[in-house]
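File shown: target-v6.txt (compact mmCIF, C-alpha atoms and all ligand atoms).
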# COMPACT_ATOMS: atom_id res chain seq x y z
CA MET B 1 15.68 17.46 -3.20
CA THR B 2 12.96 15.90 -5.32
CA LEU B 3 13.63 12.40 -3.94
CA SER B 4 14.21 13.29 -0.34
CA GLY B 5 13.91 10.23 1.93
CA LYS B 6 13.13 7.86 -0.97
CA ARG B 7 14.80 4.45 -0.92
CA ILE B 8 15.78 2.97 -4.26
CA LEU B 9 16.89 -0.60 -4.76
CA LEU B 10 19.01 -0.55 -7.91
CA VAL B 11 19.54 -3.85 -9.71
CA ILE B 12 22.47 -3.53 -12.08
CA GLY B 13 22.50 -6.02 -14.94
CA GLY B 14 25.43 -7.19 -17.04
CA GLY B 15 25.83 -4.81 -19.93
CA ILE B 16 28.25 -2.12 -21.00
CA ALA B 17 25.65 0.45 -19.86
CA ALA B 18 26.39 -0.64 -16.26
CA TYR B 19 28.97 2.16 -16.08
CA LYS B 20 26.10 4.67 -16.48
CA SER B 21 24.44 3.16 -13.42
CA LEU B 22 27.25 4.50 -11.27
CA ASP B 23 26.36 7.99 -12.46
CA LEU B 24 22.68 7.19 -11.87
CA ILE B 25 23.47 6.39 -8.22
CA ARG B 26 25.21 9.74 -7.83
CA ARG B 27 22.30 11.63 -9.45
CA LEU B 28 19.78 9.90 -7.20
CA ARG B 29 21.77 10.67 -4.05
CA GLU B 30 22.12 14.31 -5.09
CA ARG B 31 18.33 14.46 -5.06
CA GLY B 32 18.04 13.06 -1.54
CA ALA B 33 17.43 9.36 -2.30
CA SER B 34 19.30 6.51 -0.67
CA VAL B 35 20.41 3.78 -3.06
CA ARG B 36 21.13 0.15 -2.31
CA CYS B 37 22.65 -1.90 -5.14
CA ILE B 38 22.45 -5.48 -6.30
CA LEU B 39 24.91 -6.49 -9.01
CA THR B 40 24.38 -9.56 -11.16
CA ALA B 41 27.38 -11.71 -12.02
CA GLY B 42 27.33 -10.12 -15.48
CA ALA B 43 27.36 -6.61 -14.02
CA GLN B 44 30.53 -7.45 -12.13
CA GLU B 45 32.29 -8.02 -15.47
CA PHE B 46 31.79 -4.31 -16.15
CA ILE B 47 31.84 -2.58 -12.75
CA THR B 48 32.87 -3.70 -9.30
CA PRO B 49 30.72 -4.03 -6.18
CA LEU B 50 33.31 -1.80 -4.53
CA ALA B 51 32.60 1.05 -6.97
CA ALA B 52 28.83 0.68 -6.43
CA ALA B 53 29.35 0.60 -2.65
CA ALA B 54 31.64 3.62 -2.66
CA ILE B 55 29.23 5.74 -4.70
CA SER B 56 26.06 4.55 -2.95
CA GLY B 57 27.58 4.68 0.52
CA GLN B 58 26.13 1.24 1.28
CA ARG B 59 27.51 -2.20 0.67
CA ALA B 60 26.52 -3.68 -2.65
CA HIS B 61 24.86 -7.09 -2.72
CA THR B 62 25.88 -9.81 -5.15
CA ASN B 63 25.19 -13.28 -3.88
CA LEU B 64 22.00 -15.08 -2.90
CA PHE B 65 23.89 -17.60 -0.83
CA ASP B 66 26.31 -15.21 0.85
CA ARG B 67 26.09 -16.03 4.53
CA GLU B 68 27.22 -12.58 5.59
CA ASP B 69 24.77 -10.89 3.22
CA GLU B 70 21.85 -13.00 4.40
CA ALA B 71 22.71 -12.36 8.05
CA ASP B 72 23.09 -8.66 7.34
CA ILE B 73 19.80 -8.01 5.51
CA GLY B 74 18.47 -11.10 3.69
CA HIS B 75 17.03 -11.20 0.20
CA ILE B 76 13.41 -10.91 1.33
CA LYS B 77 14.16 -7.80 3.34
CA LEU B 78 16.06 -6.40 0.34
CA ALA B 79 12.90 -6.97 -1.68
CA ARG B 80 10.82 -5.01 0.83
CA ASP B 81 12.92 -2.20 2.26
CA ALA B 82 12.61 0.33 -0.53
CA ASP B 83 10.10 2.56 -2.26
CA LEU B 84 11.00 1.50 -5.77
CA VAL B 85 13.09 -1.13 -7.54
CA VAL B 86 15.01 0.10 -10.58
CA VAL B 87 16.65 -2.32 -12.99
CA ALA B 88 19.36 -0.53 -14.98
CA PRO B 89 20.66 -1.78 -17.25
CA ALA B 90 17.88 -4.33 -17.79
CA THR B 91 19.52 -6.81 -20.14
CA ALA B 92 17.60 -9.11 -22.47
CA ASN B 93 18.41 -11.98 -20.13
CA LEU B 94 17.19 -10.17 -17.01
CA MET B 95 13.97 -9.19 -18.79
CA ALA B 96 13.45 -12.80 -19.88
CA LYS B 97 14.02 -14.04 -16.35
CA MET B 98 11.61 -11.48 -14.94
CA ALA B 99 8.95 -12.32 -17.53
CA GLY B 100 9.37 -16.03 -16.85
CA GLY B 101 9.47 -15.69 -13.06
CA HIS B 102 12.95 -17.20 -12.73
CA ALA B 103 14.84 -16.92 -9.47
CA ASP B 104 18.33 -18.33 -9.90
CA ASP B 105 20.46 -15.55 -8.47
CA LEU B 106 20.09 -12.68 -6.01
CA ALA B 107 18.83 -10.13 -8.56
CA SER B 108 16.14 -12.35 -10.10
CA THR B 109 15.08 -13.72 -6.71
CA VAL B 110 14.58 -10.24 -5.29
CA LEU B 111 12.71 -9.19 -8.44
CA LEU B 112 10.37 -12.15 -8.04
CA ALA B 113 9.94 -11.65 -4.29
CA THR B 114 9.21 -7.95 -4.36
CA THR B 115 5.78 -6.36 -4.38
CA LEU B 116 7.26 -2.88 -4.83
CA PRO B 117 6.81 -0.95 -8.05
CA ILE B 118 9.53 -1.77 -10.58
CA LEU B 119 11.07 0.42 -13.27
CA ILE B 120 13.33 -1.12 -15.91
CA ALA B 121 15.78 0.67 -18.21
CA PRO B 122 16.45 -1.84 -21.00
CA ALA B 123 19.85 -1.88 -22.67
CA MET B 124 20.94 -4.34 -25.31
CA ASN B 125 21.99 -4.82 -28.89
CA VAL B 126 19.40 -3.56 -31.36
CA ARG B 127 18.72 -7.02 -32.77
CA MET B 128 18.24 -8.47 -29.32
CA TRP B 129 15.82 -5.65 -28.53
CA GLN B 130 13.87 -6.22 -31.72
CA HIS B 131 13.77 -10.01 -31.35
CA ALA B 132 10.25 -11.37 -31.00
CA ALA B 133 11.21 -13.03 -27.70
CA THR B 134 12.33 -9.75 -26.12
CA GLN B 135 9.27 -7.92 -27.41
CA ARG B 136 7.08 -10.69 -26.04
CA ASN B 137 8.82 -10.42 -22.67
CA LEU B 138 8.43 -6.66 -22.74
CA ALA B 139 4.67 -7.05 -23.34
CA THR B 140 4.46 -9.49 -20.42
CA LEU B 141 6.37 -7.19 -18.10
CA THR B 142 4.26 -4.18 -19.07
CA SER B 143 1.05 -6.10 -18.50
CA ASP B 144 2.43 -7.17 -15.11
CA GLY B 145 2.53 -3.45 -14.27
CA ILE B 146 6.27 -2.99 -14.64
CA LYS B 147 7.24 0.47 -15.87
CA VAL B 148 9.79 0.96 -18.64
CA VAL B 149 12.07 3.87 -19.50
CA GLY B 150 13.81 3.81 -22.89
CA PRO B 151 15.67 2.38 -24.63
CA ASN B 152 16.92 5.21 -26.81
CA ASP B 153 18.06 5.12 -30.41
CA GLY B 154 21.71 5.64 -30.96
CA ALA B 155 25.14 4.27 -31.68
CA MET B 156 25.79 1.00 -29.90
CA ALA B 157 28.92 -0.61 -28.60
CA GLU B 158 29.09 -2.99 -31.57
CA ALA B 159 29.12 -0.11 -34.09
CA GLU B 160 25.45 -0.68 -34.85
CA PHE B 161 22.68 1.86 -34.72
CA GLY B 162 19.09 1.64 -33.48
CA PRO B 163 17.00 1.26 -30.36
CA GLY B 164 18.77 -0.49 -27.51
CA ARG B 165 20.83 2.20 -25.78
CA MET B 166 20.00 2.59 -22.13
CA SER B 167 18.34 5.89 -21.23
CA GLU B 168 20.69 8.51 -19.83
CA PRO B 169 20.91 8.71 -16.03
CA LEU B 170 18.94 11.96 -15.92
CA GLU B 171 16.16 10.45 -18.04
CA ILE B 172 15.98 7.54 -15.60
CA VAL B 173 15.95 9.99 -12.69
CA ALA B 174 13.01 11.83 -14.31
CA ALA B 175 11.10 8.55 -14.71
CA ILE B 176 11.80 7.71 -11.06
CA GLU B 177 10.59 11.14 -9.94
CA THR B 178 7.38 10.69 -11.93
CA LEU B 179 6.79 7.27 -10.37
CA LEU B 180 7.48 8.39 -6.82
CA THR B 181 5.54 11.63 -6.92
CA PRO B 182 1.99 10.87 -5.89
CA LYS B 183 -0.48 12.12 -8.42
CA GLY B 184 -4.08 11.50 -9.34
CA ALA B 185 -7.34 12.26 -7.59
CA LEU B 186 -6.63 9.79 -4.76
CA ALA B 187 -2.91 10.50 -4.29
CA GLY B 188 -1.88 10.04 -0.69
CA ARG B 189 -5.09 8.17 0.24
CA HIS B 190 -5.38 4.63 1.47
CA VAL B 191 -8.32 2.75 -0.01
CA LEU B 192 -9.49 -0.56 1.41
CA ILE B 193 -11.61 -2.83 -0.78
CA THR B 194 -13.20 -6.22 -0.12
CA ALA B 195 -14.06 -8.41 -3.10
CA GLY B 196 -15.16 -11.83 -4.22
CA PRO B 197 -17.13 -14.49 -2.42
CA THR B 198 -16.22 -16.14 0.86
CA HIS B 199 -15.87 -19.86 1.37
CA GLU B 200 -17.36 -21.18 4.57
CA PRO B 201 -16.07 -24.65 5.38
CA ILE B 202 -18.45 -27.56 6.00
CA ASP B 203 -15.62 -30.05 6.39
CA PRO B 204 -12.05 -30.14 5.02
CA VAL B 205 -13.26 -30.69 1.43
CA ARG B 206 -16.64 -28.98 1.23
CA TYR B 207 -17.69 -25.39 1.60
CA ILE B 208 -20.58 -22.98 1.15
CA ALA B 209 -19.94 -20.32 -1.48
CA ASN B 210 -21.75 -18.02 -3.90
CA ARG B 211 -21.51 -16.92 -7.52
CA SER B 212 -19.57 -13.67 -6.98
CA SER B 213 -16.68 -13.40 -9.47
CA GLY B 214 -14.93 -10.49 -7.73
CA LYS B 215 -14.73 -8.62 -11.05
CA GLN B 216 -16.34 -5.40 -9.83
CA GLY B 217 -14.21 -5.18 -6.69
CA TYR B 218 -11.01 -5.93 -8.60
CA ALA B 219 -11.92 -3.28 -11.17
CA ILE B 220 -12.39 -0.74 -8.37
CA ALA B 221 -9.03 -1.70 -6.86
CA ARG B 222 -7.39 -1.14 -10.24
CA ALA B 223 -9.16 2.20 -10.76
CA ALA B 224 -8.23 3.42 -7.26
CA ALA B 225 -4.58 2.48 -7.84
CA GLU B 226 -4.65 4.28 -11.18
CA ALA B 227 -6.03 7.33 -9.36
CA GLY B 228 -2.89 7.31 -7.21
CA ALA B 229 -4.25 5.66 -4.05
CA ARG B 230 -2.45 3.10 -1.95
CA VAL B 231 -4.85 0.20 -2.28
CA THR B 232 -5.38 -2.85 -0.10
CA LEU B 233 -7.66 -5.46 -1.62
CA VAL B 234 -8.93 -8.12 0.77
CA ALA B 235 -10.13 -10.81 -1.59
CA GLY B 236 -12.03 -14.02 -1.10
CA PRO B 237 -11.30 -16.91 -3.49
CA THR B 238 -11.56 -15.70 -7.11
CA ALA B 239 -10.06 -16.76 -10.42
CA LEU B 240 -8.67 -13.26 -11.06
CA PRO B 241 -4.98 -12.27 -11.16
CA ASP B 242 -3.79 -9.74 -8.57
CA PRO B 243 -4.15 -6.25 -10.04
CA ALA B 244 -0.86 -4.42 -10.61
CA GLY B 245 0.19 -1.98 -7.92
CA VAL B 246 -2.38 -3.26 -5.44
CA ASN B 247 -1.60 -4.96 -2.13
CA VAL B 248 -3.80 -8.08 -2.21
CA VAL B 249 -4.59 -10.03 0.96
CA HIS B 250 -6.16 -13.39 0.11
CA VAL B 251 -8.67 -14.85 2.55
CA GLU B 252 -11.25 -17.62 2.57
CA SER B 253 -13.96 -17.16 5.14
CA ALA B 254 -15.95 -14.16 6.37
CA ARG B 255 -14.20 -14.23 9.71
CA ASP B 256 -10.78 -14.22 8.03
CA MET B 257 -11.95 -11.35 5.85
CA LEU B 258 -13.04 -9.27 8.84
CA ALA B 259 -9.75 -9.91 10.62
CA ALA B 260 -7.77 -8.91 7.52
CA VAL B 261 -9.87 -5.78 7.05
CA GLU B 262 -9.37 -4.70 10.67
CA LYS B 263 -5.64 -5.24 10.34
CA THR B 264 -5.60 -2.97 7.28
CA LEU B 265 -7.08 0.06 9.03
CA PRO B 266 -6.68 3.00 9.07
CA ALA B 267 -8.00 3.73 5.60
CA ASP B 268 -9.50 6.87 4.11
CA ILE B 269 -12.12 5.04 2.07
CA GLY B 270 -13.57 1.55 2.62
CA ILE B 271 -15.39 -0.08 -0.30
CA PHE B 272 -17.11 -3.33 0.56
CA THR B 273 -17.96 -5.19 -2.61
CA ALA B 274 -17.43 -8.72 -1.28
CA ALA B 275 -20.37 -11.10 -1.37
CA VAL B 276 -19.79 -12.26 2.17
CA ALA B 277 -21.68 -15.41 3.12
CA ASP B 278 -24.40 -14.49 5.57
CA TRP B 279 -24.06 -17.77 7.42
CA ARG B 280 -21.40 -20.30 8.21
CA VAL B 281 -21.65 -23.84 9.48
CA ALA B 282 -21.84 -23.72 13.26
CA SER B 283 -19.02 -26.19 13.71
CA ALA B 284 -17.21 -27.36 10.61
CA ALA B 285 -16.25 -31.02 10.79
CA GLY B 286 -12.56 -31.73 11.33
CA GLU B 287 -12.71 -34.82 9.09
CA LYS B 288 -14.54 -35.39 5.81
CA MET B 289 -18.18 -36.16 6.58
CA LYS B 290 -19.28 -39.66 5.57
CA LYS B 291 -22.53 -40.77 4.04
CA MET B 292 -24.35 -42.58 6.80
CA GLY B 293 -27.49 -44.52 6.04
CA ASP B 294 -30.27 -42.65 4.23
CA VAL B 295 -30.41 -39.60 6.43
CA PRO B 296 -28.51 -36.60 5.08
CA PRO B 297 -26.74 -34.57 7.74
CA ALA B 298 -28.42 -31.38 8.93
CA LEU B 299 -26.17 -28.36 8.76
CA ALA B 300 -26.67 -25.97 11.64
CA LEU B 301 -25.82 -22.44 10.51
CA VAL B 302 -24.79 -19.39 12.50
CA GLU B 303 -24.61 -15.81 11.35
CA ASN B 304 -21.36 -14.37 10.03
CA PRO B 305 -20.10 -10.97 11.09
CA ASP B 306 -21.28 -8.14 8.84
CA ILE B 307 -17.95 -6.68 7.80
CA LEU B 308 -19.33 -3.48 6.29
CA ALA B 309 -21.56 -2.74 9.29
CA THR B 310 -18.80 -3.58 11.77
CA ILE B 311 -16.39 -1.14 10.14
CA ALA B 312 -18.99 1.57 9.55
CA HIS B 313 -20.06 1.45 13.21
CA ARG B 314 -16.53 1.88 14.54
CA THR B 315 -15.82 4.95 16.60
CA VAL B 316 -12.07 4.76 16.07
CA GLU B 317 -10.43 4.39 12.71
CA ARG B 318 -13.68 4.47 10.78
CA PRO B 319 -12.82 5.30 7.16
CA ALA B 320 -14.06 8.80 6.27
CA ILE B 321 -16.18 7.25 3.52
CA VAL B 322 -17.72 3.79 3.78
CA VAL B 323 -19.27 2.34 0.64
CA GLY B 324 -21.42 -0.77 0.54
CA PHE B 325 -22.84 -2.71 -2.34
CA ALA B 326 -26.34 -4.06 -2.44
CA ALA B 327 -26.97 -6.89 -4.82
CA GLU B 328 -30.72 -7.27 -5.04
CA THR B 329 -33.16 -9.21 -7.13
CA GLU B 330 -36.19 -7.00 -6.35
CA LYS B 331 -37.05 -3.58 -4.88
CA VAL B 332 -33.42 -2.61 -5.54
CA ILE B 333 -33.54 1.00 -4.38
CA GLU B 334 -35.80 0.47 -1.40
CA HIS B 335 -33.57 -2.26 -0.04
CA ALA B 336 -30.46 -0.17 -0.68
CA GLN B 337 -31.91 2.73 1.29
CA GLN B 338 -32.62 0.43 4.22
CA LYS B 339 -29.04 -0.88 4.06
CA LEU B 340 -27.64 2.63 3.97
CA SER B 341 -29.10 3.46 7.36
CA ARG B 342 -28.97 0.02 8.98
CA LYS B 343 -25.29 -0.50 8.12
CA ARG B 344 -24.39 3.17 8.60
CA ALA B 345 -22.73 3.39 5.18
CA ASP B 346 -22.21 6.72 3.40
CA VAL B 347 -22.99 5.33 -0.03
CA ILE B 348 -24.67 2.15 -1.20
CA VAL B 349 -24.08 1.08 -4.77
CA ALA B 350 -27.17 -0.91 -5.62
CA ASN B 351 -27.61 -3.23 -8.55
CA ASP B 352 -30.01 -5.80 -9.87
CA VAL B 353 -28.46 -9.26 -9.84
CA SER B 354 -31.50 -11.23 -10.92
CA ALA B 355 -30.56 -13.95 -13.42
CA GLU B 356 -31.94 -11.87 -16.34
CA SER B 357 -29.61 -8.96 -15.53
CA GLY B 358 -26.45 -11.00 -16.30
CA VAL B 359 -24.51 -8.97 -13.71
CA MET B 360 -23.21 -11.90 -11.66
CA GLY B 361 -20.03 -13.00 -13.42
CA GLY B 362 -20.76 -10.71 -16.38
CA ASP B 363 -18.80 -7.68 -17.57
CA ASN B 364 -21.51 -5.03 -17.36
CA ASN B 365 -23.36 -3.45 -14.50
CA THR B 366 -26.26 -1.04 -14.06
CA VAL B 367 -25.95 0.68 -10.71
CA HIS B 368 -27.79 3.18 -8.57
CA LEU B 369 -25.82 5.34 -6.15
CA VAL B 370 -27.85 5.68 -2.98
CA SER B 371 -26.71 8.16 -0.33
CA ALA B 372 -28.13 10.74 2.06
CA SER B 373 -28.31 13.15 -0.86
CA GLY B 374 -30.58 10.90 -2.93
CA VAL B 375 -30.52 8.29 -5.66
CA GLU B 376 -28.58 8.52 -8.88
CA THR B 377 -28.97 5.92 -11.62
CA TRP B 378 -26.08 5.37 -14.00
CA PRO B 379 -26.48 3.91 -17.49
CA THR B 380 -25.35 0.33 -18.12
CA LEU B 381 -21.55 0.42 -18.19
CA ASP B 382 -18.80 -2.15 -18.16
CA LYS B 383 -17.46 -2.89 -14.69
CA GLY B 384 -14.20 -1.03 -15.41
CA GLU B 385 -16.13 2.12 -16.25
CA VAL B 386 -18.38 1.76 -13.19
CA ALA B 387 -15.17 1.48 -11.15
CA ARG B 388 -13.57 4.58 -12.68
CA ARG B 389 -16.69 6.68 -12.21
CA LEU B 390 -17.13 5.50 -8.65
CA VAL B 391 -13.50 6.28 -7.80
CA GLU B 392 -13.86 9.73 -9.36
CA ARG B 393 -16.99 10.36 -7.33
CA LEU B 394 -15.44 9.16 -4.06
CA ALA B 395 -12.31 11.27 -4.65
CA HIS B 396 -14.55 14.28 -5.04
CA MET B 397 -16.51 13.38 -1.90
CA ILE B 398 -13.43 13.01 0.27
CA GLU B 399 -11.92 16.19 -1.10
CA THR B 400 -15.00 18.26 -0.35
CA ARG B 401 -15.38 16.66 3.09
CA LYS B 402 -11.88 17.67 4.08
CA SER B 403 -12.33 21.36 3.35
O1 LIG U 501 -26.86 -7.36 3.47
P1 LIG U 501 -26.17 -7.52 2.17
O2 LIG U 501 -25.29 -8.74 2.14
O3 LIG U 501 -26.99 -7.40 0.95
O4 LIG U 501 -25.21 -6.23 2.14
C1 LIG U 501 -24.34 -6.04 1.12
C2 LIG U 501 -23.23 -5.16 1.56
O5 LIG U 501 -22.74 -5.52 2.87
C3 LIG U 501 -22.01 -5.34 0.67
O6 LIG U 501 -21.33 -4.13 0.63
C4 LIG U 501 -21.24 -6.43 1.37
O7 LIG U 501 -19.88 -6.39 1.02
C5 LIG U 501 -21.45 -6.08 2.82
N1 LIG U 501 -21.45 -7.25 3.70
C6 LIG U 501 -20.39 -7.45 4.55
N2 LIG U 501 -20.40 -8.50 5.43
C7 LIG U 501 -21.46 -9.36 5.46
C8 LIG U 501 -22.52 -9.17 4.58
C9 LIG U 501 -22.50 -8.12 3.71
O8 LIG U 501 -19.43 -6.68 4.51
N3 LIG U 501 -21.44 -10.36 6.30

If you convert what's in this file into structure tokens, what do you get?
Amino acid sequence: MTLSGKRILLVIGGGIAAYKSLDLIRRLRERGASVRCILTAGAQEFITPLAAAAISGQRAHTNLFDREDEADIGHIKLARDADLVVVAPATANLMAKMAGGHADDLASTVLLATTLPILIAPAMNVRMWQHAATQRNLATLTSDGIKVVGPNDGAMAEAEFGPGRMSEPLEIVAAIETLLTPKGALAGRHVLITAGPTHEPIDPVRYIANRSSGKQGYAIARAAAEAGARVTLVAGPTALPDPAGVNVVHVESARDMLAAVEKTLPADIGIFTAAVADWRVASAAGEKMKKMGDVPPALALVENPDILATIAHRTVERPAIVVGFAAETEKVIEHAQQKLSRKRADVIVANDVSAESGVMGGDNNTVHLVSASGVETWPTLDKGEVARRLVERLAHMIETRKS
């Protein structure tokens, strides 16, 4: 029972390979998975919702505007209540809709609304598969983090030969098993990361911010997800796209960030890379402030909560490893050591952010790992590599702590 307890949402597209999807349902159920089906209008030209329902043991969904369907489960719930979404067969049209973000029927709407991992099994005529548009869509979907199985080479319905045949049900099952079996150094761990700047409102149109790009935190989120962790990224305003496979919670101010972080607990590892504003305006104006005479307004500031210190000082649900960052322009290591003890972090990743270093907004970083066991200086690396090394190190730390 390799898929025991796993919930698969199977989107069946309109192609001749749809008949294989019925066998796929059976194979998945044999392995302990439950399968809920959505059939596109095209799919219903090849197989019936009744057949899908009979084999899956659950009613099959077909219509976005079906009153009974919406009352029963609703498309948003459909998009959430599963461990994995599988699209088989994924037709050229479905792939194009997914790549373009279309939502004009139940299948495409659910595919746009879901944050679950998605696996597609393309199936189409060889020329459609090889068409530049399909290949472009495939590249988009892959870079969006969507996983692909197949297609295989072989004889096609139109007596043609080449790539375009949908993978066999057992090949799709194997791909599903691979996706749903946690692997990697952080498999089964929950990692919480803060990133980016915060915006502290002055009035409805003005705010206090800083130059943090969020790049390092996002890179760590990506690396932790690649290492098999479940990752929650609490991000202040950045220009970066959400990393694939990461649950991103967008916030604005330090207080929102703290609330979101607390809601995310428990976590095994907390990594606090956000450049949280130290101060906020004591009372932000409800209306846009007006220029009045020659005297500029004085902004009274109050201190923001220290998110890292608040979490590290918790007695319940404190992550086993708390990592802080220290962006310094002088006495980098000395200041990091002070932060380590004052904030009660387990590791401080210290770096020089003076203008000459080019770290702020740049792609490279030179960091020092400061912990109770000493200081370790890494060579200058790009932020992705810093992230991978840090994740590797933290995985090792948590592993050795457990035993
Ligand atoms: O004190 P400083 O801002 O240099 O500390 C940096 C570390 O503390 C970072 O890990 C940062 O994310 C965290 N921090 C925080 N909340 C604050 C200030 C800093 O989480 N209000």

Can you pull out every residue with an atom within 7 Å of ligand LIG 501 (chain U)? Use all atoms listed in the file and format it as a PyMOL selection string.
chain B and resi 194+254+272-278+304-309+323-327+339

Output file for the residues above (C-alpha atoms, as an mmCIF file, in the coordinates of the input):
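As written to disk, result_25.cif reads:
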data_model
loop_
_atom_site.group_PDB
_atom_site.id
_atom_site.type_symbol
_atom_site.label_atom_id
_atom_site.label_comp_id
_atom_site.auth_asym_id
_atom_site.auth_seq_id
_atom_site.Cartn_x
_atom_site.Cartn_y
_atom_site.Cartn_z
ATOM 1 C CA THR B 194 -13.200 -6.220 -0.120
ATOM 2 C CA ALA B 254 -15.950 -14.160 6.370
ATOM 3 C CA PHE B 272 -17.110 -3.330 0.560
ATOM 4 C CA THR B 273 -17.960 -5.190 -2.610
ATOM 5 C CA ALA B 274 -17.430 -8.720 -1.280
ATOM 6 C CA ALA B 275 -20.370 -11.100 -1.370
ATOM 7 C CA VAL B 276 -19.790 -12.260 2.170
ATOM 8 C CA ALA B 277 -21.680 -15.410 3.120
ATOM 9 C CA ASP B 278 -24.400 -14.490 5.570
ATOM 10 C CA ASN B 304 -21.360 -14.370 10.030
ATOM 11 C CA PRO B 305 -20.100 -10.970 11.090
ATOM 12 C CA ASP B 306 -21.280 -8.140 8.840
ATOM 13 C CA ILE B 307 -17.950 -6.680 7.800
ATOM 14 C CA LEU B 308 -19.330 -3.480 6.290
ATOM 15 C CA ALA B 309 -21.560 -2.740 9.290
ATOM 16 C CA VAL B 323 -19.270 2.340 0.640
ATOM 17 C CA GLY B 324 -21.420 -0.770 0.540
ATOM 18 C CA PHE B 325 -22.840 -2.710 -2.340
ATOM 19 C CA ALA B 326 -26.340 -4.060 -2.440
ATOM 20 C CA ALA B 327 -26.970 -6.890 -4.820
ATOM 21 C CA LYS B 339 -29.040 -0.880 4.060
#

Find the residues near region 168-181 of chain B: any atom within 8 Å, counting all atoms listed in the file, skip ones fewer than 2 places away on the same chain, and give them as a list of chain:residue names.
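Counting all atoms listed in the file, the residues come to B:Thr2, B:Leu3, B:Lys20, B:Ser21, B:Asp23, B:Leu24, B:Arg27, B:Leu28, B:Asp83, B:Leu84, B:Leu119, B:Ala121, B:Val149, B:Met166, B:Lys183.
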
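Counting from CA of Arg7 (chain B), the distance to CA of Gly32 (chain B) is 9.2 Å.
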
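Every protein, DNA or RNA residue with an atom at most 7 Å from Ile269 (chain B), where all atoms listed in the file count and chain neighbours fewer than 3 positions away do not, is listed here: His190, Val191, Leu192, Pro319, Ala320, Ile321 and Val322 of chain B.
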
Distance criterion (all atoms listed in the file): nearest to Leu39 (chain B) out of B:Val11, B:Leu22, B:Ala96, B:Ala17:
B:Val11

Do you have the CA of Ser34 (chain B)-CA of Ile55 (chain B) distance handy?
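So the two atoms, CA of Ser34 (chain B) and CA of Ile55 (chain B), lie 10.7 Å apart.
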
Residues of region 327-372 of chain B at most 12 Å from region 394-403 of chain B: nearest atom pair and distance in Å, all atoms listed in the file, as CSV:
residue,atom,partner,partner_atom,distance
B:Asp346,CA,B:Met397,CA,10.2
B:Val347,CA,B:Leu394,CA,9.4
B:Ile348,CA,B:Leu394,CA,11.9
B:Val349,CA,B:Leu394,CA,11.9
B:Leu369,CA,B:Leu394,CA,11.3
B:Ser371,CA,B:Met397,CA,11.6

Generate the output file for the selected residues, C-alpha atoms, as a short mmCIF file (atom, residue, chain, number, x, y, z; two decimals), in the coordinates of the input.
data_model
loop_
_atom_site.label_atom_id
_atom_site.label_comp_id
_atom_site.auth_asym_id
_atom_site.auth_seq_id
_atom_site.Cartn_x
_atom_site.Cartn_y
_atom_site.Cartn_z
CA ASP B 346 -22.21 6.72 3.40
CA VAL B 347 -22.99 5.33 -0.03
CA ILE B 348 -24.67 2.15 -1.20
CA VAL B 349 -24.08 1.08 -4.77
CA LEU B 369 -25.82 5.34 -6.15
CA SER B 371 -26.71 8.16 -0.33
#

Surrounding residues of Glu385 (chain B) excluding itself and chain neighbours under 5 positions, 10 Å, only C-alpha atoms, as number ranges by chain
B: 216, 219-220, 223, 364-365, 380, 390-391

Find the residues around region 351-353 of chain B up to 12 Å (only C-alpha atoms counted), leave out those fewer than 5 positions away in its own chain, and share them as a ChimeraX atom specification.
/B:211-212,216,273,275,324-336,358-362,364-370,376-381,383,386

Between CA of Ile146 (chain B) and CA of Asp363 (chain B), what is the spacing in Å?
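Result for CA of Asp363 (chain B) versus CA of Ile146 (chain B): 25.7 Å, one decimal.
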
Considering all atoms listed in the file, state which residue in the set B:Gly164, B:Leu64, B:Ile118, B:Asp256 is at the smallest distance from Gln130 (chain B).
B:Gly164

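If only C-alpha atoms are the atoms counted, then among B:Pro89, B:Pro117, B:Pro297, B:Gly286 the closest residue to Asn247 (chain B) is B:Pro117.
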
Residue neighbourhood Lys288 (chain B), 9 Å, only C-alpha atoms, exclusion window fewer than 4 positions, as a list in words:
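After dropping sequence-adjacent residues, the list is Ile202, Asp203, Pro204, Val205 and Arg206 of chain B.
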
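Nearest-residue note for Asp382 (chain B): choosing from B:Val234, B:Ala103, B:Val281, B:Lys215, the minimum distance belongs to B:Lys215, counting all atoms listed in the file.
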
Which residue out of B:Trp129, B:Tyr218, B:Phe65, B:Trp279 has the minimum interatomic distance to Thr91 (chain B) when all atoms listed in the file are used?
B:Trp129

Using only C-alpha atoms, pick whichever of B:Asn63, B:Gln337, B:Ser354, B:Asn210 has the shortest atom-to-atom distance to Ala372 (chain B).
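That would be B:Gln337, the residue with the smallest distance to Ala372 (chain B).
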
Please write out, as lines of an AutoDock Vina configuration file, where the centre of an axis-aligned box around all listed atoms of region 217-220 of chain B lies and how long its edges are, in Å to one decimal, after adding 3 Å on each side.
center_x = -12.6
center_y = -3.3
center_z = -8.9
size_x = 9.2
size_y = 11.2
size_z = 10.5

Name the residues within 6 Å of (16.7, 7.3, -24.0), counting only C-alpha atoms in the file's coordinates, and put them as number ranges by chain.
B: 150-152, 167-168
